[in-house]
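One file, query.cif, carrying mmCIF, C-alpha atoms and all ligand atoms:
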data_my_file
loop_
_atom_site.label_atom_id
_atom_site.label_comp_id
_atom_site.auth_asym_id
_atom_site.auth_seq_id
_atom_site.Cartn_x
_atom_site.Cartn_y
_atom_site.Cartn_z
CA MET A 195 0.00 0.00 0.00
CA ASN A 196 1.51 3.34 -0.95
CA ILE A 197 1.90 6.15 1.52
CA PHE A 198 -1.15 8.04 0.15
CA TYR A 199 -3.53 5.12 0.75
CA SER A 200 -1.98 4.38 4.14
CA ASN A 201 -2.62 7.97 5.29
CA LEU A 202 -6.10 7.94 3.81
CA LEU A 203 -6.90 4.76 5.74
CA LYS A 204 -5.64 6.34 8.98
CA ALA A 205 -7.72 9.48 8.40
CA VAL A 206 -10.86 7.44 7.70
CA SER A 207 -10.26 5.37 10.89
CA VAL A 208 -9.92 8.52 12.97
CA ILE A 209 -13.14 9.95 11.51
CA ILE A 210 -15.02 6.69 12.24
CA LEU A 211 -13.65 6.64 15.80
CA LEU A 212 -14.72 10.25 16.38
CA MET A 213 -18.19 9.53 15.01
CA CYS A 214 -18.51 6.55 17.38
CA CYS A 215 -17.43 8.66 20.36
CA ASN A 216 -19.86 11.37 19.41
CA LYS A 217 -22.60 8.76 19.17
CA ASN A 218 -21.81 7.61 22.70
CA VAL A 219 -21.90 11.16 23.91
CA ASN A 220 -25.28 11.79 22.37
CA GLN A 221 -26.61 8.51 23.67
CA GLY A 222 -26.14 9.44 27.35
CA THR A 223 -29.42 8.87 29.17
CA SER A 224 -31.33 12.08 29.63
CA GLN A 225 -34.66 13.15 31.07
CA SER A 226 -36.51 16.41 31.52
CA LEU A 227 -35.57 18.50 34.54
CA ASN A 228 -39.09 17.98 35.82
CA ASP A 229 -38.82 14.18 35.65
CA PHE A 230 -35.42 14.38 37.32
CA ALA A 231 -36.89 16.53 40.11
CA VAL A 232 -39.97 14.34 40.54
CA ASP A 233 -37.94 11.10 40.65
CA ASN A 234 -35.51 12.48 43.21
CA LEU A 235 -38.24 14.07 45.32
CA ALA A 236 -39.94 10.67 45.45
CA LEU A 237 -36.70 9.08 46.67
CA ALA A 238 -36.14 11.91 49.16
CA SER A 239 -39.65 11.60 50.57
CA GLY A 240 -39.03 7.86 51.13
CA GLN A 241 -36.20 8.77 53.51
CA ILE A 242 -38.05 11.67 55.12
CA ASP A 243 -41.10 9.43 55.75
CA LEU A 244 -38.91 7.22 57.93
CA GLN A 245 -37.24 10.18 59.61
CA LEU A 246 -40.47 11.89 60.49
CA GLN A 247 -41.78 8.74 62.16
CA VAL A 248 -38.77 8.91 64.52
CA ALA A 249 -39.18 12.66 65.00
CA ILE A 250 -42.88 12.43 65.82
CA GLU A 251 -42.43 9.48 68.13
CA LYS A 252 -39.70 11.25 70.10
CA GLN A 253 -41.12 14.77 69.65
CA ARG A 254 -37.66 15.95 68.63
CA ILE A 255 -36.27 17.65 65.50
CA PRO A 256 -33.45 15.86 63.61
CA ARG A 257 -30.19 17.76 63.10
CA THR A 258 -27.29 15.37 62.31
CA GLN A 259 -25.66 12.26 63.72
CA HIS A 260 -23.38 11.69 66.70
CA GLU A 261 -19.88 10.22 66.35
CA ASP A 262 -21.29 6.87 67.52
CA GLY A 263 -23.62 6.91 64.51
CA SER A 264 -26.86 7.61 66.39
CA ILE A 265 -29.20 10.41 65.37
CA GLN A 266 -28.62 13.83 66.94
CA PHE A 267 -31.65 16.03 67.50
CA THR A 268 -31.70 19.79 67.97
CA HIS A 269 -31.42 21.08 71.54
CA ASN A 270 -34.34 20.06 73.67
CA GLY A 271 -36.02 23.34 74.62
CA ASN A 272 -33.00 25.59 73.99
CA PHE A 273 -32.65 27.51 70.74
CA ASP A 274 -30.82 25.73 67.91
CA TRP A 275 -30.18 27.53 64.62
CA THR A 276 -31.09 24.38 62.66
CA GLU A 277 -34.48 23.75 64.27
CA GLY A 278 -36.56 25.23 61.42
CA PHE A 279 -35.14 23.08 58.63
CA PHE A 280 -36.88 19.76 59.25
CA PRO A 281 -40.35 21.34 59.56
CA GLY A 282 -39.45 23.29 56.40
CA THR A 283 -38.58 20.10 54.51
CA CYS A 284 -41.94 18.66 55.59
CA TRP A 285 -43.70 21.79 54.27
CA TYR A 286 -41.92 21.40 50.92
CA LEU A 287 -42.98 17.75 50.70
CA TYR A 288 -46.53 18.74 51.63
CA SER A 289 -46.55 21.29 48.80
CA PHE A 290 -45.24 18.63 46.42
CA THR A 291 -47.47 15.69 47.40
CA GLY A 292 -50.48 17.24 49.18
CA ASP A 293 -50.10 14.40 51.69
CA GLU A 294 -51.46 15.51 55.08
CA LYS A 295 -48.84 13.51 56.97
CA TYR A 296 -46.22 16.10 55.99
CA ARG A 297 -48.45 18.98 57.03
CA ASN A 298 -49.18 17.31 60.38
CA ALA A 299 -45.47 16.64 60.97
CA ALA A 300 -44.51 20.22 60.05
CA GLU A 301 -47.16 21.67 62.35
CA THR A 302 -46.36 19.34 65.26
CA LEU A 303 -42.62 19.90 65.07
CA GLN A 304 -42.68 23.67 64.50
CA ASP A 305 -44.96 23.93 67.50
CA LEU A 306 -42.00 22.69 69.62
CA ILE A 307 -40.00 25.81 68.74
CA LYS A 308 -42.78 28.39 68.68
CA ASP A 309 -41.71 30.19 71.87
CA HIS A 310 -38.27 30.93 70.45
CA ARG A 311 -39.82 33.70 68.35
CA PHE A 312 -39.45 36.08 71.27
CA LEU A 313 -35.71 35.48 71.71
CA THR A 314 -33.59 38.54 71.08
CA THR A 315 -30.36 36.73 71.88
CA ASN A 316 -29.85 35.09 68.49
CA HIS A 317 -29.76 36.29 64.87
CA ASP A 318 -30.81 32.95 63.41
CA LEU A 319 -34.50 33.62 63.98
CA GLY A 320 -34.62 34.35 60.26
CA PHE A 321 -33.48 30.87 59.27
CA VAL A 322 -35.64 29.21 61.89
CA PHE A 323 -38.94 30.99 61.42
CA ASN A 324 -38.87 31.72 57.70
CA CYS A 325 -38.13 28.06 56.86
CA SER A 326 -40.82 26.69 59.21
CA TYR A 327 -43.71 29.06 59.98
CA GLY A 328 -42.91 31.19 56.92
CA ALA A 329 -43.21 28.21 54.59
CA GLY A 330 -46.37 27.12 56.43
CA TYR A 331 -47.90 30.58 56.07
CA ARG A 332 -47.09 30.84 52.36
CA ILE A 333 -48.73 27.46 51.73
CA THR A 334 -51.75 27.56 54.08
CA LYS A 335 -52.30 31.30 54.74
CA ASN A 336 -52.85 30.37 58.40
CA GLU A 337 -53.12 33.70 60.30
CA ASP A 338 -51.54 32.26 63.46
CA PHE A 339 -48.44 31.32 61.47
CA LYS A 340 -48.32 34.86 60.07
CA GLN A 341 -48.34 36.37 63.55
CA ILE A 342 -45.58 34.03 64.71
CA LEU A 343 -43.50 35.04 61.69
CA LEU A 344 -44.01 38.73 62.47
CA ASP A 345 -43.18 38.19 66.16
CA ALA A 346 -39.88 36.61 65.07
CA ALA A 347 -39.14 39.53 62.71
CA ASN A 348 -39.82 42.01 65.54
CA SER A 349 -37.40 40.13 67.78
CA LEU A 350 -34.72 39.98 65.08
CA ILE A 351 -34.71 43.73 64.39
CA GLN A 352 -33.92 44.38 68.08
CA ARG A 353 -30.39 43.28 67.17
CA TYR A 354 -29.95 46.02 64.56
CA ASN A 355 -27.40 48.72 65.32
CA PRO A 356 -27.93 51.79 63.07
CA THR A 357 -24.39 53.06 63.67
CA VAL A 358 -22.93 49.83 62.33
CA GLY A 359 -25.74 49.36 59.81
CA CYS A 360 -25.99 45.65 60.62
CA ILE A 361 -27.81 43.10 62.75
CA LEU A 362 -25.55 41.62 65.44
CA SER A 363 -24.82 37.96 64.68
CA TRP A 364 -23.35 36.48 67.83
CA ASN A 365 -23.60 37.63 71.41
CA VAL A 366 -20.12 37.89 72.89
CA ASP A 367 -20.89 37.52 76.58
CA ARG A 368 -20.75 33.70 76.68
CA GLY A 369 -19.74 30.53 74.85
CA TRP A 370 -16.70 30.21 72.58
CA GLN A 371 -17.60 33.55 70.96
CA SER A 372 -16.67 35.32 74.21
CA SER A 373 -13.03 34.22 73.87
CA ARG A 374 -12.36 36.00 70.56
CA GLY A 375 -12.26 39.62 71.72
CA TRP A 376 -15.07 40.64 69.35
CA LEU A 377 -17.45 43.50 70.17
CA PHE A 378 -20.03 43.30 67.38
CA PRO A 379 -19.41 40.25 65.15
CA VAL A 380 -21.36 39.95 61.91
CA ILE A 381 -21.07 36.71 59.96
CA ILE A 382 -21.75 36.20 56.26
CA ASP A 383 -24.37 33.58 57.24
CA ASN A 384 -26.48 36.45 58.60
CA MET A 385 -27.44 37.36 55.02
CA MET A 386 -29.79 34.38 55.21
CA ASN A 387 -31.82 35.98 57.98
CA LEU A 388 -32.84 38.88 55.75
CA GLU A 389 -35.54 36.93 53.89
CA LEU A 390 -37.68 36.97 57.06
CA LEU A 391 -37.40 40.76 57.15
CA PHE A 392 -38.28 41.25 53.49
CA GLU A 393 -41.26 38.95 54.00
CA ALA A 394 -42.38 40.89 57.09
CA SER A 395 -42.46 44.13 55.09
CA GLU A 396 -44.38 42.47 52.24
CA ILE A 397 -46.95 41.15 54.74
CA THR A 398 -47.39 44.30 56.82
CA GLY A 399 -46.56 47.05 54.32
CA ASP A 400 -44.26 48.50 56.99
CA PRO A 401 -40.85 49.32 55.44
CA ILE A 402 -38.93 49.08 58.72
CA TYR A 403 -37.97 45.41 58.25
CA ARG A 404 -36.95 45.85 54.61
CA ASP A 405 -34.94 49.00 55.38
CA ILE A 406 -32.96 47.12 58.01
CA ALA A 407 -32.40 44.22 55.62
CA ILE A 408 -31.12 46.61 52.92
CA SER A 409 -28.83 48.40 55.36
CA HIS A 410 -27.41 45.05 56.52
CA ALA A 411 -26.91 43.87 52.93
CA ASN A 412 -25.18 47.12 51.89
CA THR A 413 -22.84 47.19 54.89
CA THR A 414 -21.98 43.52 54.32
CA LEU A 415 -21.34 44.18 50.63
CA LYS A 416 -18.93 46.95 51.59
CA ASN A 417 -16.94 45.10 54.22
CA HIS A 418 -17.23 41.33 53.87
CA PHE A 419 -15.84 40.83 50.35
CA ARG A 420 -12.34 40.65 48.92
CA ASP A 421 -11.46 41.79 45.39
CA ASP A 422 -12.16 38.31 43.98
CA PHE A 423 -15.56 38.34 45.72
CA SER A 424 -14.69 35.60 48.15
CA SER A 425 -15.93 36.59 51.57
CA TYR A 426 -14.60 36.77 55.08
CA HIS A 427 -16.61 34.83 57.61
CA VAL A 428 -16.67 37.30 60.52
CA ILE A 429 -16.39 41.10 60.44
CA ASP A 430 -16.13 42.61 63.88
CA TYR A 431 -17.41 46.19 64.18
CA ASN A 432 -17.03 48.86 66.81
CA PRO A 433 -20.67 49.23 67.95
CA GLN A 434 -20.08 52.88 68.99
CA THR A 435 -18.49 54.13 65.75
CA GLY A 436 -19.35 51.47 63.15
CA ALA A 437 -15.65 51.08 62.26
CA VAL A 438 -14.38 47.66 61.20
CA ARG A 439 -12.17 46.21 63.97
CA SER A 440 -11.11 42.96 62.33
CA LYS A 441 -11.82 40.53 59.48
CA GLN A 442 -11.58 36.93 60.62
CA THR A 443 -12.90 33.41 60.41
CA ALA A 444 -14.66 31.11 62.85
CA GLN A 445 -15.61 28.09 60.77
CA GLY A 446 -13.11 28.42 57.91
CA TYR A 447 -9.52 27.27 57.57
CA ALA A 448 -7.94 30.72 58.09
CA HIS A 449 -8.85 34.39 58.34
CA GLU A 450 -7.89 34.90 54.68
CA SER A 451 -9.42 31.69 53.38
CA ALA A 452 -12.80 31.14 51.73
CA TRP A 453 -15.00 28.89 53.88
CA ALA A 454 -17.20 26.98 51.42
CA ARG A 455 -20.57 27.29 53.17
CA GLY A 456 -19.96 30.99 53.79
CA GLN A 457 -19.59 31.56 50.04
CA ALA A 458 -22.86 29.68 49.50
CA TRP A 459 -24.68 31.75 52.14
CA GLY A 460 -23.44 34.94 50.44
CA LEU A 461 -24.62 33.77 47.01
CA TYR A 462 -28.04 32.79 48.31
CA GLY A 463 -28.32 35.94 50.45
CA TYR A 464 -27.66 38.42 47.62
CA THR A 465 -29.96 36.46 45.30
CA ILE A 466 -32.72 36.95 47.90
CA CYS A 467 -31.91 40.66 48.16
CA TYR A 468 -32.27 40.99 44.40
CA ARG A 469 -35.59 39.09 44.50
CA TYR A 470 -37.14 41.68 46.82
CA THR A 471 -35.44 44.90 45.67
CA LYS A 472 -34.39 44.42 42.03
CA ASP A 473 -31.31 46.48 42.92
CA PRO A 474 -28.72 45.62 40.22
CA ALA A 475 -25.89 45.89 42.80
CA TYR A 476 -27.25 42.74 44.49
CA LEU A 477 -27.51 40.85 41.20
CA GLU A 478 -23.94 41.84 40.39
CA ALA A 479 -22.80 40.68 43.84
CA ALA A 480 -24.54 37.31 43.40
CA GLU A 481 -22.98 36.87 39.96
CA LYS A 482 -19.51 37.70 41.24
CA ILE A 483 -19.86 35.26 44.15
CA ALA A 484 -21.12 32.58 41.73
CA ASN A 485 -18.10 33.25 39.55
CA PHE A 486 -15.75 32.83 42.51
CA ILE A 487 -17.38 29.52 43.42
CA LEU A 488 -17.77 28.02 39.96
CA SER A 489 -14.39 29.03 38.54
CA ASN A 490 -12.40 28.22 41.66
CA PRO A 491 -9.33 26.15 40.76
CA ASN A 492 -9.95 24.00 43.85
CA MET A 493 -13.54 23.21 42.88
CA PRO A 494 -13.73 19.48 42.10
CA GLU A 495 -15.14 18.20 38.80
CA ASP A 496 -18.44 17.15 40.45
CA LEU A 497 -18.99 20.70 41.85
CA VAL A 498 -19.26 19.52 45.47
CA PRO A 499 -16.68 21.77 47.16
CA TYR A 500 -14.15 20.97 49.80
CA TRP A 501 -15.17 22.53 53.12
CA ASP A 502 -12.80 25.47 52.51
CA TYR A 503 -11.53 26.54 49.08
CA ASN A 504 -8.09 27.23 50.57
CA SER A 505 -7.62 24.12 52.67
CA PRO A 506 -3.99 23.03 52.27
CA LYS A 507 -5.11 19.39 52.47
CA ILE A 508 -7.02 19.54 49.16
CA PRO A 509 -7.54 17.05 47.45
CA ASN A 510 -7.34 14.89 50.59
CA ASP A 511 -9.91 16.76 52.58
CA PHE A 512 -13.61 16.69 53.40
CA ARG A 513 -16.28 17.85 51.01
CA ASP A 514 -19.21 19.92 52.23
CA VAL A 515 -22.41 18.71 50.62
CA SER A 516 -24.42 21.38 52.46
CA ALA A 517 -22.49 24.12 50.61
CA ALA A 518 -23.24 22.40 47.29
CA ALA A 519 -26.97 22.09 48.07
CA ILE A 520 -27.29 25.76 49.11
CA THR A 521 -25.39 26.81 45.96
CA ALA A 522 -27.62 24.70 43.69
CA SER A 523 -30.77 26.22 45.13
CA ALA A 524 -29.43 29.78 44.81
CA LEU A 525 -28.26 29.19 41.22
CA ILE A 526 -31.69 27.91 40.17
CA GLU A 527 -33.21 31.17 41.39
CA LEU A 528 -30.40 33.21 39.82
CA VAL A 529 -31.22 31.66 36.43
CA GLU A 530 -34.43 33.71 36.52
CA TYR A 531 -32.57 37.01 36.97
CA SER A 532 -29.22 36.68 35.25
CA GLU A 533 -28.23 36.61 31.61
CA ARG A 534 -25.46 34.16 32.46
CA ASP A 535 -26.02 30.42 32.20
CA TYR A 536 -26.10 29.09 35.75
CA LEU A 537 -28.46 26.24 34.98
CA LYS A 538 -25.68 24.03 33.67
CA SER A 539 -23.83 24.26 36.98
CA ALA A 540 -27.00 23.82 39.07
CA LYS A 541 -27.82 20.68 37.09
CA ALA A 542 -24.30 19.35 37.52
CA ILE A 543 -24.44 19.86 41.30
CA LEU A 544 -27.84 18.21 41.62
CA ARG A 545 -26.75 15.30 39.46
CA SER A 546 -23.77 14.79 41.77
CA LEU A 547 -25.85 15.07 44.94
CA SER A 548 -28.39 12.61 43.53
CA SER A 549 -25.70 10.01 42.85
CA ALA A 550 -24.78 7.16 45.17
CA THR A 551 -21.62 9.04 46.19
CA TYR A 552 -23.63 11.59 48.15
CA LYS A 553 -27.15 10.24 48.48
CA ALA A 554 -27.83 7.62 51.13
CA ASP A 555 -29.59 4.33 50.43
CA GLN A 556 -33.08 4.31 51.85
CA GLY A 557 -33.16 3.20 55.48
CA THR A 558 -29.51 4.17 56.11
CA ASN A 559 -27.86 7.43 57.27
CA ASN A 560 -30.38 7.91 60.11
CA HIS A 561 -32.86 8.62 57.32
CA PHE A 562 -31.12 11.82 56.27
CA ILE A 563 -31.13 12.15 52.48
CA LEU A 564 -27.53 13.23 51.89
CA LYS A 565 -24.15 12.21 53.30
CA HIS A 566 -20.79 14.03 53.59
CA SER A 567 -21.43 17.48 55.01
CA VAL A 568 -19.30 19.46 57.43
CA GLY A 569 -20.54 21.56 60.37
CA SER A 570 -17.38 23.17 61.72
CA ILE A 571 -13.93 21.67 61.35
CA PRO A 572 -12.19 24.27 63.61
CA HIS A 573 -14.63 23.31 66.37
CA GLY A 574 -14.21 19.58 65.67
CA ALA A 575 -17.98 19.40 65.22
CA GLU A 576 -20.08 17.51 62.67
CA ILE A 577 -17.36 16.39 60.30
CA ASP A 578 -18.36 14.26 57.30
CA VAL A 579 -21.91 13.69 58.52
CA PRO A 580 -25.45 14.20 57.28
CA LEU A 581 -26.87 17.64 58.13
CA VAL A 582 -30.53 18.59 58.17
CA TYR A 583 -29.89 21.80 56.22
CA ALA A 584 -28.09 19.97 53.39
CA ASP A 585 -31.29 17.93 52.97
CA TYR A 586 -33.47 21.05 53.22
CA TYR A 587 -31.67 22.94 50.44
CA TYR A 588 -31.46 19.80 48.27
CA VAL A 589 -35.24 19.33 48.54
CA GLU A 590 -35.74 23.07 47.95
CA SER A 591 -33.61 22.85 44.78
CA LEU A 592 -35.70 19.97 43.43
CA ILE A 593 -38.94 21.77 44.27
CA ARG A 594 -37.62 24.89 42.54
CA LEU A 595 -36.82 22.85 39.42
CA HIS A 596 -40.22 21.20 39.52
CA LYS A 597 -41.97 24.58 39.69
CA SER A 598 -39.74 26.52 37.34
CA GLU A 599 -40.27 27.71 33.79
CA ILE A 600 -37.25 25.71 32.69
CA LYS A 601 -38.53 22.37 33.84
CA ASN A 602 -38.87 20.97 30.33
CA GLN A 603 -35.19 21.37 29.64
CA GLU A 604 -33.04 18.28 29.67
CA VAL A 605 -30.65 16.94 32.24
CA PHE A 606 -28.26 14.09 31.55
CA VAL A 607 -28.58 11.48 34.24
CA SER A 608 -25.91 9.21 32.85
CA GLY A 609 -23.37 9.45 30.06
CA ILE A 610 -21.64 12.74 29.38
CA SER A 611 -21.08 15.31 32.09
CA VAL A 612 -23.25 18.41 31.78
CA LYS A 613 -20.30 20.65 32.65
N1 LIG A 701 -24.88 29.48 60.33
C1 LIG A 701 -24.08 28.44 60.76
C2 LIG A 701 -23.43 27.62 59.73
O1 LIG A 701 -23.53 27.79 58.53
O2 LIG A 701 -22.73 26.73 60.17
#

As structure tokens, what does this structure read like?
Ligand code: GLY
Amino acid sequence: MNIFYSNLLKAVSVIILLMCCNKNVNQGTSQSLNDFAVDNLALASGQIDLQLQVAIEKQRIPRTQHEDGSIQFTHNGNFDWTEGFFPGTCWYLYSFTGDEKYRNAAETLQDLIKDHRFLTTNHDLGFVFNCSYGAGYRITKNEDFKQILLDAANSLIQRYNPTVGCILSWNVDRGWQSSRGWLFPVIIDNMMNLELLFEASEITGDPIYRDIAISHANTTLKNHFRDDFSSYHVIDYNPQTGAVRSKQTAQGYAHESAWARGQAWGLYGYTICYRYTKDPAYLEAAEKIANFILSNPNMPEDLVPYWDYNSPKIPNDFRDVSAAAITASALIELVEYSERDYLKSAKAILRSLSSATYKADQGTNNHFILKHSVGSIPHGAEIDVPLVYADYYYVESLIRLHKSEIKNQEVFVSGISVK
């Protein structure tokens, strides 16, 4: 065979090989986003059905699991920032299925925490009451739930300092927070408490809650972010002058590192602010945070981040599934507002979380849906465990897909990566 025919044969072989590969790519199994959401919500509700039986029997709210593998509930009687999430998950499943057992569970379990609405010692009233009573009010229009939500908002705004322009996150007179020398610490997580305030203004027509939320968001935007739009965890302010005293971490690897869940809270928080205000500065902030997260060189291929983007142990370190779930939910909302394509990344995250790597087999994992989250590594707490809020934001993401305009778009469930 002369050289011409030999080269021609090689070229034809390469073309055939490429065509075969392309065929494989196109033959990856796909389904509509809605079918993907419905299938995974059905699987999630199988786990939650078992978990709510335990919760109702014990009259306790699931949080995570102990080192010995047994289920850990939220504090019995005392405030726990995670106590609204399990009732919230039940409300989501009620909205999806219409099954009264979820409504009964949500009502019974949120009733256990009702009195906490008057606490003025904790900023997490936003998380707790918006996810539980807030969800219940939006679904049922129950007037008692509305009043409880407004009571919580009135308690939360007591922590606002107009000189600083922020709501105080942690009290510094007790606990580990008292050992850090802070005077007025504000954490990026606190952005998540603003939704309660925006809701309170929508319900009452009184701008006071919304004005405080906007002031908090603007002050945080000014002081919490670095040039690359990664955020500090804790900014400590002088409560008399409003000056920044220090920029530190509590749950991240280092003061100058980017704690993964903190970045997710920021993304979700500014997406909420844009929802209620349509201020382009908040959309821009959310887009810049999303860019930091999604283009981070330490982000793994499956888009489930390590617990801190700057951990020196990467790639031999823990992932934080909760950060991925919060990010997915925020990105699905951001798709509505932004001209950038965040759906691809949201789909990739949800595909990962719905795989056997991160999703527990039914009847295992203390009936939590997802595995492999991290509470706080510096505190040696909740490392590589299921967390109730990872499940909450995963279910929220699926519900958002199910209800969204884009639900007829495709997602690959096997075959080629959607990245
Ligand atoms: N707000 C507490 C946390 O994200 O761990």

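Rounded to one decimal, atom CA of A:Ser349 and atom CA of A:Pro256 lie 24.9 Å from each other.
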
Within 10 Å of ligand LIG 701 (chain A) (counting all atoms listed in the file), which residues show up? I'd like them as a PyMOL selection string. chain A and resi 275-276+317-318+321+363+381-387+427+444-445+453-456+458-459+516-517+568-570+576+583

What's the separation between atom CA of A:Thr465 and atom CA of A:Arg594, in Å to one decimal place?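 So the two atoms, atom CA of A:Thr465 and atom CA of A:Arg594, lie 14.1 Å apart.
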
Find the residues with any atom within 12 Å of (-18.7, 23.5, 46.6); use all atoms listed in the file and the coordinates as given in the file, and write the answer as a VMD selection string. chain A and resid 452 to 459 461 484 486 to 504 512 to 522 539 to 540 542 to 544 546 to 547 566 to 568

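Comparing the minimum interatomic distances between A:Lys507 and each of A:Leu528, A:Thr223, A:Thr398, A:Tyr447, counting all atoms listed in the file, we find that A:Tyr447 sits nearest.
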
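Compared by their closest atoms to A:Leu235, and using all atoms listed in the file, the residues A:Arg439, A:Thr413, A:Ser591, A:Glu530 rank with A:Ser591 nearest.
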
Give me, please, the distance in Å between atom CA of A:Asn324 and atom CA of A:Leu581, quoted to one decimal. 18.5 Å

When you count only C-alpha atoms, which of these residues is closest to A:His561: A:Leu227, A:Ile242, A:Ile526, A:Ala347?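 Closest residue, counting only C-alpha atoms: A:Ile242.
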
Please determine the residues with any atom at most 9 Å from (-12.5, 37.7, 59.2) (coordinates as given in the file, with all atoms listed in the file counting) and report them as an NGL selection string. :A and (381 or 418 or 425-430 or 440-444 or 448-451)

Exercise: stretch 310-315 of chain A partners within 10 Å, all atoms listed in the file, chain neighbours under 5 positions left out, as a PyMOL selection string: chain A and resi 271-274+320+322-323+342-353+362-365

Residues just named, written with C-alpha atoms as a compact mmCIF listing (two decimals), in the coordinates of the input:
# COMPACT_ATOMS: atom_id res chain seq x y z
CA GLY A 271 -36.02 23.34 74.62
CA ASN A 272 -33.00 25.59 73.99
CA PHE A 273 -32.65 27.51 70.74
CA ASP A 274 -30.82 25.73 67.91
CA GLY A 320 -34.62 34.35 60.26
CA VAL A 322 -35.64 29.21 61.89
CA PHE A 323 -38.94 30.99 61.42
CA ILE A 342 -45.58 34.03 64.71
CA LEU A 343 -43.50 35.04 61.69
CA LEU A 344 -44.01 38.73 62.47
CA ASP A 345 -43.18 38.19 66.16
CA ALA A 346 -39.88 36.61 65.07
CA ALA A 347 -39.14 39.53 62.71
CA ASN A 348 -39.82 42.01 65.54
CA SER A 349 -37.40 40.13 67.78
CA LEU A 350 -34.72 39.98 65.08
CA ILE A 351 -34.71 43.73 64.39
CA GLN A 352 -33.92 44.38 68.08
CA ARG A 353 -30.39 43.28 67.17
CA LEU A 362 -25.55 41.62 65.44
CA SER A 363 -24.82 37.96 64.68
CA TRP A 364 -23.35 36.48 67.83
CA ASN A 365 -23.60 37.63 71.41

So which residues touch A:Asp243 within 12 Å, counting only C-alpha atoms, skipping near sequence neighbours fewer than 5 positions away, as a compact mmCIF listing (two decimals) with C-alpha atoms, keeping the file's coordinate frame?
# COMPACT_ATOMS: atom_id res chain seq x y z
CA LEU A 235 -38.24 14.07 45.32
CA ALA A 236 -39.94 10.67 45.45
CA LEU A 237 -36.70 9.08 46.67
CA ALA A 238 -36.14 11.91 49.16
CA VAL A 248 -38.77 8.91 64.52
CA ALA A 249 -39.18 12.66 65.00
CA ILE A 250 -42.88 12.43 65.82
CA PHE A 280 -36.88 19.76 59.25
CA THR A 283 -38.58 20.10 54.51
CA CYS A 284 -41.94 18.66 55.59
CA LEU A 287 -42.98 17.75 50.70
CA TYR A 288 -46.53 18.74 51.63
CA ASP A 293 -50.10 14.40 51.69
CA LYS A 295 -48.84 13.51 56.97
CA TYR A 296 -46.22 16.10 55.99
CA ALA A 299 -45.47 16.64 60.97
CA GLN A 556 -33.08 4.31 51.85
CA GLY A 557 -33.16 3.20 55.48
CA ASN A 560 -30.38 7.91 60.11
CA HIS A 561 -32.86 8.62 57.32
CA PHE A 562 -31.12 11.82 56.27
CA ILE A 563 -31.13 12.15 52.48

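Across A:Gly330, A:Asn270, A:Cys467, A:Cys325, the tightest approach to A:Leu388 is made by A:Cys467 when counting only C-alpha atoms.
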
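Each of A:Pro356, A:Gly446, A:Pro401, A:Pro281 was compared to A:Leu246 using all atoms listed in the file, and A:Pro281 turns out to be the nearest.
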
Contacts of A:Gln304 within 8 Å, only C-alpha atoms, excl. fewer than 5 positions in-chain, as a short mmCIF file (atom, residue, chain, number, x, y, z; two decimals) with C-alpha atoms, in the frame of the given file:
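And here's selection27.cif as it stands now:
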data_model
loop_
_atom_site.label_atom_id
_atom_site.label_comp_id
_atom_site.auth_asym_id
_atom_site.auth_seq_id
_atom_site.Cartn_x
_atom_site.Cartn_y
_atom_site.Cartn_z
CA GLY A 278 -36.56 25.23 61.42
CA PRO A 281 -40.35 21.34 59.56
CA SER A 326 -40.82 26.69 59.21
CA TYR A 327 -43.71 29.06 59.98
#

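Between A:His573 and the candidates A:Trp285, A:Trp370, A:Val607, A:Leu525, the tightest atom-to-atom separation, counting all atoms listed in the file, involves A:Trp370.
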
Six-sided padding of 5 Å per side, axis-aligned box over stretch 376-394 of chain A, centre and edges in Å, one decimal, as AutoDock Vina command-line options:
--center_x -28.7 --center_y 38.5 --center_z 61.8 --size_x 37.3 --size_y 19.9 --size_z 26.7
